[in-house]
>>> print(open('entry-v4.txt').read())   # compact mmCIF, C-alpha atoms
# COMPACT_ATOMS: atom_id res chain seq x y z
CA MET J 1 28.23 18.94 35.75
CA SER J 2 27.47 16.61 38.65
CA THR J 3 30.26 15.81 41.09
CA HIS J 4 30.43 12.11 40.25
CA THR J 5 31.73 12.88 36.76
CA GLN J 6 34.60 15.06 37.93
CA PRO J 7 37.03 12.27 38.88
CA ALA J 8 36.70 10.69 35.41
CA VAL J 9 37.42 14.03 33.72
CA ARG J 10 40.36 14.74 36.02
CA ALA J 11 41.85 11.29 35.46
CA TYR J 12 41.43 11.53 31.69
CA LEU J 13 42.94 15.04 31.63
CA ALA J 14 45.87 13.89 33.74
CA ARG J 15 46.83 11.35 31.10
CA VAL J 16 46.32 13.93 28.34
CA ARG J 17 48.61 16.31 30.20
CA THR J 18 51.22 13.56 30.57
CA ALA J 19 51.08 12.81 26.84
CA LEU J 20 51.69 16.52 26.14
CA SER J 21 54.38 16.98 28.76
CA ASP J 22 57.11 17.68 26.19
CA LEU J 23 55.35 20.92 25.21
CA PRO J 24 55.84 24.18 27.15
CA ALA J 25 53.87 24.21 30.37
CA GLY J 26 51.93 27.31 29.40
CA GLU J 27 50.77 25.73 26.13
CA VAL J 28 49.77 22.54 27.92
CA ASP J 29 47.69 24.56 30.38
CA GLU J 30 45.94 26.32 27.49
CA ILE J 31 45.24 23.03 25.73
CA VAL J 32 43.84 21.47 28.90
CA ASP J 33 41.63 24.52 29.53
CA ASP J 34 40.35 24.32 25.92
CA VAL J 35 39.44 20.63 26.00
CA ARG J 36 38.12 20.49 29.57
CA PRO J 37 34.55 21.69 28.64
CA HIS J 38 34.38 19.12 25.87
CA LEU J 39 35.42 16.30 28.20
CA ALA J 40 33.02 17.52 30.88
CA GLU J 41 30.20 17.47 28.33
CA ILE J 42 31.04 13.90 27.33
CA ALA J 43 31.18 12.81 30.96
CA GLU J 44 27.82 14.44 31.68
CA SER J 45 26.22 12.75 28.68
CA LEU J 46 27.41 9.41 30.06
CA GLY J 47 25.59 10.07 33.31
CA GLU J 48 25.96 7.24 35.81
CA ARG J 49 28.23 5.41 33.39
CA ALA J 50 30.88 8.14 33.57
CA SER J 51 34.33 6.65 34.03
CA VAL J 52 37.70 6.75 32.34
CA ASP J 53 36.91 3.52 30.51
CA ALA J 54 33.58 4.89 29.28
CA MET J 55 35.25 8.09 28.09
CA ILE J 56 37.89 6.04 26.30
CA GLU J 57 35.09 4.17 24.55
CA GLU J 58 33.65 7.51 23.43
CA LEU J 59 36.84 9.42 22.62
CA GLY J 60 39.67 6.94 22.38
CA THR J 61 42.58 6.78 24.81
CA PRO J 62 43.90 9.99 26.34
CA GLU J 63 47.14 9.43 24.46
CA SER J 64 45.37 9.22 21.08
CA TYR J 65 43.26 12.22 22.10
CA ALA J 66 46.43 14.15 22.84
CA ALA J 67 47.90 13.08 19.50
CA GLU J 68 44.84 14.47 17.72
CA VAL J 69 45.22 17.73 19.63
CA ARG J 70 48.81 17.93 18.44
CA ALA J 71 47.79 17.34 14.85
CA ALA J 72 44.89 19.83 14.98
CA GLY J 73 47.08 22.52 16.56
CA ASP J 74 50.17 21.86 14.44
CA TYR J 75 52.18 21.01 17.53
CA PRO J 76 55.32 18.92 17.04
CA PRO J 77 55.11 15.17 17.74
CA PRO J 78 56.59 13.92 21.01
CA PRO J 79 60.33 13.28 20.77
CA SER J 80 59.95 9.56 21.30
CA VAL J 81 57.43 9.18 18.48
CA ASN J 82 59.00 8.85 15.04
CA THR J 83 56.82 6.12 13.57
CA GLY J 84 53.15 5.30 13.33
CA GLU J 85 52.14 8.33 11.27
CA GLY J 86 50.74 6.03 8.59
CA ASP J 87 48.70 4.13 11.15
CA ARG J 88 47.24 7.34 12.54
CA LYS J 89 46.31 8.57 9.08
CA SER J 90 44.82 5.16 8.31
CA GLY J 91 42.70 5.43 11.45
CA ARG J 92 41.56 8.88 10.40
CA ALA J 93 40.64 7.58 6.96
CA GLY J 94 38.39 4.93 8.46
CA ALA J 95 36.85 7.44 10.86
CA ARG J 96 36.18 9.89 8.02
CA MET J 97 34.57 7.16 5.94
CA SER J 98 32.34 6.37 8.90
CA LEU J 99 31.46 10.05 9.40
CA TRP J 100 30.59 10.62 5.74
CA GLY J 101 28.78 7.30 5.64
CA LEU J 102 26.53 8.65 8.39
CA VAL J 103 26.00 11.98 6.63
CA LEU J 104 25.37 10.54 3.17
CA GLY J 105 23.30 7.69 4.60
CA ALA J 106 21.02 10.13 6.40
CA PHE J 107 20.67 12.33 3.30
CA GLY J 108 19.94 9.34 1.05
CA ALA J 109 17.45 7.95 3.57
CA MET J 110 15.56 11.26 3.62
CA VAL J 111 15.43 11.42 -0.18
CA MET J 112 14.19 7.84 -0.41
CA GLY J 113 11.63 8.57 2.31
CA ILE J 114 10.26 11.48 0.27
CA VAL J 115 10.09 9.33 -2.88
CA ILE J 116 8.38 6.41 -1.15
CA GLY J 117 5.99 8.62 0.80
CA SER J 118 4.90 10.55 -2.28
CA SER J 119 4.69 7.57 -4.67
CA ARG J 120 3.58 4.96 -2.12
CA ASN J 121 5.31 2.36 -4.25
CA ASP J 122 7.70 -0.20 -2.79
CA GLU J 123 9.82 -0.27 -5.95
CA ALA J 124 11.51 2.83 -4.58
CA LEU J 125 12.74 0.73 -1.64
CA VAL J 126 15.41 -0.88 -3.82
CA PRO J 127 17.68 2.23 -3.77
CA LEU J 128 16.98 2.44 -0.03
CA LEU J 129 18.67 -0.93 0.42
CA VAL J 130 21.83 0.55 -1.14
CA VAL J 131 21.64 3.43 1.35
CA ALA J 132 21.18 0.89 4.15
CA VAL J 133 24.35 -0.95 3.11
CA LEU J 134 26.31 2.34 3.19
CA ALA J 135 24.95 3.23 6.63
CA ALA J 136 25.57 -0.29 7.93
CA ALA J 137 29.22 -0.19 6.85
CA ALA J 138 29.70 3.14 8.62
CA ALA J 139 27.94 1.83 11.72
CA ALA J 140 30.06 -1.34 11.77
CA TYR J 141 33.26 0.69 11.92
CA VAL J 142 31.97 2.79 14.82
CA TRP J 143 30.61 -0.28 16.59
CA ILE J 144 34.04 -1.92 16.49
CA ASN J 145 36.20 1.13 17.19
CA GLY J 146 33.81 3.29 19.22
CA PRO J 147 32.42 6.74 18.37
CA GLY J 148 35.50 8.36 19.87
CA VAL J 149 37.43 7.75 16.63
CA VAL J 150 34.99 10.04 14.83
CA ARG J 151 34.73 12.64 17.57
CA SER J 152 38.53 12.87 17.69
CA LEU J 153 38.76 13.85 14.01
CA PRO J 154 40.32 17.32 13.69
CA GLU J 155 37.41 18.65 11.63
CA VAL J 156 34.83 17.36 14.12
CA ARG J 157 36.75 18.75 17.07
CA TRP J 158 37.20 22.04 15.20
CA PHE J 159 33.47 22.22 14.47
CA VAL J 160 32.52 21.47 18.06
CA ALA J 161 35.10 23.89 19.43
CA GLY J 162 34.17 26.57 16.88
CA SER J 163 30.50 26.41 17.89
CA GLY J 164 31.40 26.48 21.57
CA GLY J 165 29.80 23.08 22.05
CA VAL J 166 26.40 24.48 21.05
CA TRP J 167 25.67 21.86 18.40
CA SER J 168 26.73 19.00 20.66
CA GLN J 169 24.55 20.38 23.43
CA ARG J 170 21.66 20.78 21.01
CA LEU J 171 22.08 17.16 19.94
CA ASN J 172 21.93 16.01 23.54
CA THR J 173 18.88 18.19 24.18
CA ALA J 174 17.15 16.89 21.05
CA LEU J 175 17.83 13.26 21.94
CA GLN J 176 16.46 13.79 25.42
CA ALA J 177 13.35 15.53 24.09
CA LEU J 178 12.69 12.92 21.40
CA ASN J 179 12.86 9.97 23.75
CA PRO J 180 10.67 7.99 23.71
CA VAL J 181 7.78 9.73 21.93
CA TRP J 182 9.61 10.32 18.65
CA TRP J 183 10.59 6.69 18.25
CA TRP J 184 7.07 5.43 18.88
CA LEU J 185 5.72 7.97 16.39
CA SER J 186 8.38 6.89 13.89
CA ALA J 187 7.43 3.24 14.28
CA ALA J 188 3.74 4.10 13.90
CA LEU J 189 4.35 6.13 10.71
CA LEU J 190 6.50 3.38 9.18
CA THR J 191 3.89 0.76 10.01
CA LEU J 192 1.17 2.95 8.48
CA LEU J 193 3.23 3.40 5.32
CA ALA J 194 3.74 -0.36 5.08
CA ILE J 195 -0.03 -0.92 5.38
CA VAL J 196 -0.69 1.72 2.70
CA LEU J 197 1.67 -0.04 0.28
CA VAL J 198 -0.22 -3.31 0.74
CA ALA J 199 -3.77 -1.98 0.89
CA GLU J 200 -3.63 0.74 -1.76
CA TRP J 201 -1.34 -0.68 -4.43
CA TYR J 202 -1.13 -4.38 -3.56
CA ASN J 203 2.64 -4.25 -3.95
CA GLY J 204 3.89 -4.47 -0.39
CA VAL J 205 5.81 -7.72 -0.94
CA LEU J 206 9.05 -5.83 -0.34
CA GLY J 207 7.73 -2.79 1.50
CA LEU J 208 5.94 -4.58 4.34
CA PRO J 209 8.92 -6.50 5.77
CA VAL J 210 11.44 -3.71 5.10
CA LEU J 211 9.39 -0.95 6.71
CA LEU J 212 8.44 -3.12 9.68
CA ALA J 213 12.13 -3.93 10.15
CA VAL J 214 12.99 -0.21 10.08
CA ALA J 215 10.21 0.44 12.61
CA ALA J 216 11.69 -2.21 14.91
CA LEU J 217 15.13 -0.64 14.48
CA ALA J 218 13.72 2.74 15.50
CA LEU J 219 12.26 1.31 18.70
CA TRP J 220 15.49 -0.54 19.53
CA ALA J 221 18.27 1.88 18.56
CA GLY J 222 16.46 5.19 19.07
CA PRO J 223 16.12 5.17 22.88
CA LYS J 224 19.66 3.80 23.28
CA SER J 225 21.21 6.62 21.24
CA ARG J 226 20.90 9.02 24.16
CA THR J 227 23.55 7.18 26.16
CA ASP J 228 25.27 5.03 23.53
CA ARG J 229 26.55 7.23 20.71
CA ARG J 230 27.19 4.20 18.52
CA MET J 231 23.43 3.95 18.07
CA LEU J 232 23.43 7.34 16.32
CA TRP J 233 24.63 5.59 13.18
CA ALA J 234 21.27 3.77 13.14
CA ALA J 235 19.01 6.37 14.77
CA VAL J 236 19.99 9.31 12.54
CA PRO J 237 19.33 7.58 9.15
CA VAL J 238 16.07 6.11 10.51
CA SER J 239 14.92 9.54 11.70
CA ALA J 240 15.89 11.08 8.35
CA PHE J 241 13.88 8.43 6.50
CA VAL J 242 10.86 8.98 8.74
CA VAL J 243 11.03 12.76 8.19
CA GLY J 244 11.32 12.23 4.43
CA ALA J 245 8.42 9.76 4.38
CA GLY J 246 6.30 12.20 6.36
CA LEU J 247 7.11 15.02 3.95
CA GLY J 248 6.35 12.76 0.98
CA LEU J 249 2.97 11.69 2.37
CA ALA J 250 2.11 15.29 3.24
CA GLY J 251 3.05 16.43 -0.25
CA HIS J 252 0.90 13.69 -1.80
CA LEU J 253 -2.10 14.67 0.34
CA ILE J 254 -1.69 18.35 -0.56
CA GLU J 255 -1.35 17.55 -4.25
CA SER J 256 -4.39 15.26 -4.14
CA ALA J 257 -6.48 17.91 -2.40
CA HIS J 258 -5.33 20.52 -4.91
CA GLY J 259 -6.07 18.22 -7.83
CA HIS J 260 -9.67 17.69 -6.72
CA SER J 261 -10.51 21.36 -6.07
CA GLY J 262 -11.17 24.37 -8.30
CA ASP J 263 -13.02 24.81 -11.57
CA PHE J 264 -10.09 24.74 -13.92
CA HIS J 265 -8.82 21.20 -13.46
CA ALA J 266 -9.45 18.68 -16.20
CA TYR J 267 -11.60 15.63 -15.63
CA GLU J 268 -9.59 12.42 -15.94
CA ALA J 269 -10.93 8.90 -15.63
CA THR J 270 -9.83 7.10 -12.46
CA ASN J 271 -9.17 3.89 -14.38
CA THR J 272 -5.59 3.79 -15.61
CA THR J 273 -3.36 1.71 -17.83
CA ILE J 274 -0.36 -0.21 -16.50
CA ASP J 275 1.69 2.91 -17.29
CA GLY J 276 -0.55 5.09 -15.13
CA GLU J 277 -2.29 6.84 -18.04
CA PRO J 278 -6.01 7.58 -17.55
CA LEU J 279 -8.66 5.66 -19.47
CA LEU J 280 -12.09 6.86 -20.59
CA LEU J 281 -14.44 3.91 -20.25
CA TYR J 282 -17.87 3.07 -21.64
CA GLY J 283 -18.94 0.22 -19.46
CA GLN J 284 -15.85 -1.96 -19.28
CA GLU J 285 -14.36 -0.91 -22.61
CA GLU J 286 -11.91 1.88 -23.25
CA VAL J 287 -13.19 4.75 -25.38
CA GLU J 288 -10.41 5.88 -27.71
CA ASN J 289 -12.43 8.16 -29.95
CA LEU J 290 -15.68 10.07 -30.08
CA TYR J 291 -17.58 10.88 -33.30
CA LEU J 292 -20.24 13.57 -33.29
CA PHE J 293 -22.90 14.25 -35.98
CA ASP J 294 -25.36 17.02 -36.59
CA SER J 295 -29.08 16.50 -37.16
CA GLU J 296 -28.46 15.84 -40.86
CA GLY J 297 -26.00 13.04 -40.14
CA THR J 298 -22.96 15.10 -41.12
CA PRO J 299 -19.88 14.35 -38.98
CA LEU J 300 -18.54 17.23 -36.96
CA THR J 301 -14.81 17.99 -36.80
CA ASP J 302 -12.56 20.00 -34.48
CA VAL J 303 -14.85 19.47 -31.51
CA TYR J 304 -13.72 20.09 -27.93
CA ILE J 305 -15.73 18.32 -25.25
CA TYR J 306 -16.25 19.62 -21.71
CA THR J 307 -18.10 18.38 -18.65
CA ASP J 308 -21.11 20.15 -17.17
CA ASP J 309 -18.87 22.20 -14.84
CA GLY J 310 -16.63 23.46 -17.64
CA ARG J 311 -13.67 21.13 -17.26
CA PRO J 312 -12.12 19.52 -20.35
CA LEU J 313 -12.84 15.81 -20.60
CA LEU J 314 -9.42 14.30 -21.26
CA ALA J 315 -8.95 10.95 -22.96
CA GLN J 316 -5.88 9.08 -24.11
CA ARG J 317 -4.82 9.84 -27.70
CA TYR J 318 -3.04 7.16 -29.75
CA GLY J 319 -0.87 7.26 -32.86
CA CYS J 320 1.46 5.08 -34.96
CA GLU J 321 5.14 4.67 -34.21
CA GLN J 322 6.97 5.19 -37.49
CA HIS J 323 9.70 2.61 -37.10
CA THR J 324 7.95 -0.23 -35.30
CA GLN J 325 4.50 0.36 -36.80
CA GLU J 326 2.98 -0.07 -33.37
CA LYS J 327 0.09 1.76 -31.79
CA ILE J 328 1.41 3.99 -29.02
CA PRO J 329 -0.06 6.61 -26.65
CA VAL J 330 0.88 10.14 -27.72
CA GLY J 331 -0.85 12.29 -25.12
CA ARG J 332 -4.20 13.31 -23.65
CA ASP J 333 -6.63 15.98 -24.78
CA ASN J 334 -10.33 16.71 -25.27
CA HIS J 335 -10.14 17.28 -29.04
CA PHE J 336 -12.36 14.94 -31.11
CA PRO J 337 -12.61 13.11 -33.39
CA ARG J 338 -9.09 11.67 -33.60
CA PRO J 339 -7.68 9.73 -36.53
CA HIS J 340 -8.82 6.13 -36.52
CA ILE J 341 -5.92 3.72 -35.98
CA GLU J 342 -5.79 0.75 -38.36
CA GLN J 343 -3.33 -2.05 -37.72
CA GLY J 344 -2.57 -5.34 -39.37
CA GLY J 345 -0.04 -7.16 -41.50
CA VAL J 346 1.07 -7.11 -45.15
CA ASP J 347 2.36 -10.10 -47.12
CA GLU J 348 5.08 -10.05 -49.77
CA PHE J 349 2.54 -9.15 -52.46
CA GLY J 350 1.23 -6.15 -50.57
CA THR J 351 -2.00 -7.87 -49.53
CA VAL J 352 -3.26 -6.41 -46.29
CA ASN J 353 -3.99 -9.01 -43.62
CA GLY J 354 -3.34 -11.83 -46.05
CA TYR J 355 -2.65 -15.42 -45.06
CA ASN J 356 1.13 -14.99 -45.16
CA ALA J 357 1.22 -11.44 -43.83
CA TYR J 358 4.48 -10.92 -41.97
CA ARG J 359 5.18 -7.18 -42.04
CA ALA J 360 3.24 -5.06 -39.57
CA PHE J 361 1.61 -1.85 -40.60
CA CYS J 362 -0.11 0.96 -38.70
CA ARG J 363 -1.85 3.97 -40.18
CA GLU J 364 -3.99 6.85 -39.03
CA VAL J 365 -7.22 7.35 -40.96
CA ASP J 366 -9.15 10.61 -40.70
CA GLU J 367 -12.38 9.32 -42.25
CA VAL J 368 -15.23 8.10 -40.06
CA PRO J 369 -15.01 4.27 -40.17
CA PHE J 370 -18.81 3.82 -40.17
CA THR J 371 -22.06 5.44 -41.35
CA VAL J 372 -24.95 6.55 -39.19
CA ALA J 373 -28.64 7.12 -39.59
CA VAL J 374 -29.85 9.95 -37.39
CA PRO J 375 -33.39 9.21 -36.13
CA VAL J 376 -36.05 11.74 -37.02
CA GLU J 377 -38.36 12.82 -34.20
>>> encode(input="entry-v4.txt", output="structure tokens")
Amino acid sequence: MSTHTQPAVRAYLARVRTALSDLPAGEVDEIVDDVRPHLAEIAESLGERASVDAMIEELGTPESYAAEVRAAGDYPPPPSVNTGEGDRKSGRAGARMSLWGLVLGAFGAMVMGIVIGSSRNDEALVPLLVVAVLAAAAAAYVWINGPGVVRSLPEVRWFVAGSGGVWSQRLNTALQALNPVWWWLSAALLTLLAIVLVAEWYNGVLGLPVLLAVAALALWAGPKSRTDRRMLWAAVPVSAFVVGAGLGLAGHLIESAHGHSGDFHAYEATNTTIDGEPLLLYGQEEVENLYLFDSEGTPLTDVYIYTDDGRPLLAQRYGCEQHTQEKIPVGRDNHFPRPHIEQGGVDEFGTVNGYNAYRAFCREVDEVPFTVAVPVE
């Protein structure tokens, strides 16, 4: 710890000691020795900004810090304090909501990043907006009250003390190492993802502005998080989203490469329906069925069709929905011929496709709906 931070730590500890003066002197000395490394770490992270006021902004007042130490160590309250317990618990409730808002916001952002990166579809951004509202609420509380209200929580202090300050030191080391390269890489990845949404799927109406806004947030809040811990409530969810998006894109690339390699993958047409199902096209028209005949003109049945490299040629199979009498997709296979689907309407007299037909019908017909004449060579 540099010498210029020592006066701030000593002054802060002096007020902590005063607030604990009703306890036995030996216990006060032990408490001060226990918390001194934590305060020194905070002061060092503040750097040139280290002062009592800056430490109060991070941790709260020395008196509130001492009160949290009492609560965490099951020490009795000071004799003069017989009220305010509800206010302290209320403050803890808000701090805990902010802490869990950060944790859940980061987790949700990573999940949404994976979904968006793998699907490359901006419809998945809608749940991300819900995550953003949660993270923003948690950040607003910390912005108003300072990060010290969270760091003074008994469970946070217990975790930091139990790990000997290792995790806090690792966080500081990570933030120093990530600045500023990580934030520029994050902004570049988010911008690339926004361009992919527009260029590949033509559905970046929502994705383009949202992802560009998140990229701008990364460049603004990320570098500041090293010295201003309030910015962690923006930097951590953004980093989690970027990591998730990177994992999603990587998974998509691996899956795509795997899907286009090997001899045992089925051939599927690249043209798809609005539901994403593959189409087999002849020219510009979808091929729903294939009929094969021998040299005598006899139709063949139970035929399985493969490409020249041994892969099954898959095409969409259709059937009739029993209740609605509608033609619906029922799967994909390379088994031909399929039943021919006939649709139309029936009037009250049972006339098919009559003038007053009002009731829909759909049926599957196994017979070949045409005749052929096989040319003789």
>>> residues_around(input="entry-v4.txt", residues="J:Arg317", least_positions_apart="3", cutoff="6 Å", atoms="all atoms listed in the file", output="mmCIF file with C-alpha atoms, in the coordinates of the input")
data_model
loop_
_atom_site.group_PDB
_atom_site.id
_atom_site.type_symbol
_atom_site.label_atom_id
_atom_site.label_comp_id
_atom_site.auth_asym_id
_atom_site.auth_seq_id
_atom_site.Cartn_x
_atom_site.Cartn_y
_atom_site.Cartn_z
ATOM 1 C CA PRO J 329 -0.060 6.610 -26.650
ATOM 2 C CA VAL J 330 0.880 10.140 -27.720
ATOM 3 C CA GLY J 331 -0.850 12.290 -25.120
ATOM 4 C CA ARG J 332 -4.200 13.310 -23.650
#
>>> atom_distance(input="entry-v4.txt", atom1="atom CA of J:Gly297", atom2="atom CA of J:Val372")
6.6 Å
>>> closest_residue(input="entry-v4.txt", among="J:Arg120, J:His38, J:Arg17, J:Lys224", to="J:Val196", atoms="only C-alpha atoms")
J:Arg120
>>> atom_distance(input="entry-v4.txt", atom1="atom CA of J:Ala315", atom2="atom CA of J:Gln284")
15.1 Å
>>> atom_distance(input="entry-v4.txt", atom1="atom CA of J:Ile56", atom2="atom CA of J:Met231")
16.8 Å
>>> closest_residue(input="entry-v4.txt", among="J:Trp220, J:Trp233, J:Tyr355, J:Tyr65", to="J:Leu134", atoms="only C-alpha atoms")
J:Trp233
>>> closest_residue(input="entry-v4.txt", among="J:Pro127, J:Gly246, J:Pro147, J:Gly94", to="J:Ile114", atoms="only C-alpha atoms")
J:Gly246
>>> closest_residue(input="entry-v4.txt", among="J:Ala215, J:Leu193, J:Val115, J:Ile305", to="J:Gly251", atoms="only C-alpha atoms")
J:Val115
>>> closest_residue(input="entry-v4.txt", among="J:His335, J:Arg151, J:His323, J:Arg96", to="J:Val69", atoms="all atoms listed in the file")
J:Arg151
>>> closest_residue(input="entry-v4.txt", among="J:Arg230, J:Arg359, J:Arg92, J:Arg36", to="J:Trp143", atoms="only C-alpha atoms")
J:Arg230
>>> residues_near_point(input="entry-v4.txt", point="(33.9, -1.0, 17.6)", cutoff="12 Å", atoms="all atoms listed in the file", output="JSON, numbers by chain")
{"J": [56, 57, 58, 59, 60, 94, 95, 98, 137, 138, 139, 140, 141, 142, 143, 144, 145, 146, 147, 148, 149, 150, 229, 230, 231]}
>>> residues_near_point(input="entry-v4.txt", point="(42.9, 7.5, 26.4)", cutoff="12 Å", atoms="only C-alpha atoms", output="mmCIF file with C-alpha atoms, in the frame of the given file")
data_model
loop_
_atom_site.group_PDB
_atom_site.id
_atom_site.type_symbol
_atom_site.label_atom_id
_atom_site.label_comp_id
_atom_site.auth_asym_id
_atom_site.auth_seq_id
_atom_site.Cartn_x
_atom_site.Cartn_y
_atom_site.Cartn_z
ATOM 1 C CA ALA J 8 36.700 10.690 35.410
ATOM 2 C CA VAL J 9 37.420 14.030 33.720
ATOM 3 C CA ALA J 11 41.850 11.290 35.460
ATOM 4 C CA TYR J 12 41.430 11.530 31.690
ATOM 5 C CA LEU J 13 42.940 15.040 31.630
ATOM 6 C CA ALA J 14 45.870 13.890 33.740
ATOM 7 C CA ARG J 15 46.830 11.350 31.100
ATOM 8 C CA VAL J 16 46.320 13.930 28.340
ATOM 9 C CA ARG J 17 48.610 16.310 30.200
ATOM 10 C CA THR J 18 51.220 13.560 30.570
ATOM 11 C CA ALA J 19 51.080 12.810 26.840
ATOM 12 C CA LEU J 39 35.420 16.300 28.200
ATOM 13 C CA SER J 51 34.330 6.650 34.030
ATOM 14 C CA VAL J 52 37.700 6.750 32.340
ATOM 15 C CA ASP J 53 36.910 3.520 30.510
ATOM 16 C CA ALA J 54 33.580 4.890 29.280
ATOM 17 C CA MET J 55 35.250 8.090 28.090
ATOM 18 C CA ILE J 56 37.890 6.040 26.300
ATOM 19 C CA GLU J 57 35.090 4.170 24.550
ATOM 20 C CA GLU J 58 33.650 7.510 23.430
ATOM 21 C CA LEU J 59 36.840 9.420 22.620
ATOM 22 C CA GLY J 60 39.670 6.940 22.380
ATOM 23 C CA THR J 61 42.580 6.780 24.810
ATOM 24 C CA PRO J 62 43.900 9.990 26.340
ATOM 25 C CA GLU J 63 47.140 9.430 24.460
ATOM 26 C CA SER J 64 45.370 9.220 21.080
ATOM 27 C CA TYR J 65 43.260 12.220 22.100
ATOM 28 C CA ALA J 66 46.430 14.150 22.840
ATOM 29 C CA ALA J 67 47.900 13.080 19.500
ATOM 30 C CA GLU J 68 44.840 14.470 17.720
ATOM 31 C CA GLY J 148 35.500 8.360 19.870
ATOM 32 C CA VAL J 149 37.430 7.750 16.630
ATOM 33 C CA SER J 152 38.530 12.870 17.690
#
>>> residues_around(input="entry-v4.txt", residues="J:Val111", least_positions_apart="3", cutoff="10 Å", atoms="only C-alpha atoms", output="MDAnalysis selection string")
chainID J and resid 105:108 114:117 128 240:241 243:245 247:248
>>> write_last_selection(input="entry-v4.txt", atoms="C-alpha atoms", output="PDB file, keeping the file's coordinate frame")
ATOM      1  CA  GLY J 105      23.300   7.690   4.600  1.00  0.00           C
ATOM      2  CA  ALA J 106      21.020  10.130   6.400  1.00  0.00           C
ATOM      3  CA  PHE J 107      20.670  12.330   3.300  1.00  0.00           C
ATOM      4  CA  GLY J 108      19.940   9.340   1.050  1.00  0.00           C
ATOM      5  CA  ILE J 114      10.260  11.480   0.270  1.00  0.00           C
ATOM      6  CA  VAL J 115      10.090   9.330  -2.880  1.00  0.00           C
ATOM      7  CA  ILE J 116       8.380   6.410  -1.150  1.00  0.00           C
ATOM      8  CA  GLY J 117       5.990   8.620   0.800  1.00  0.00           C
ATOM      9  CA  LEU J 128      16.980   2.440  -0.030  1.00  0.00           C
ATOM     10  CA  ALA J 240      15.890  11.080   8.350  1.00  0.00           C
ATOM     11  CA  PHE J 241      13.880   8.430   6.500  1.00  0.00           C
ATOM     12  CA  VAL J 243      11.030  12.760   8.190  1.00  0.00           C
ATOM     13  CA  GLY J 244      11.320  12.230   4.430  1.00  0.00           C
ATOM     14  CA  ALA J 245       8.420   9.760   4.380  1.00  0.00           C
ATOM     15  CA  LEU J 247       7.110  15.020   3.950  1.00  0.00           C
ATOM     16  CA  GLY J 248       6.350  12.760   0.980  1.00  0.00           C
TER      17      GLY J 248
END
>>> axis_aligned_box(input="entry-v4.txt", around="stretch 130-147 of chain J", padding_each_side="3 Å", output="lines of an AutoDock Vina configuration file")
center_x = 28.7
center_y = 2.4
center_z = 9.0
size_x = 21.0
size_y = 14.7
size_z = 26.4
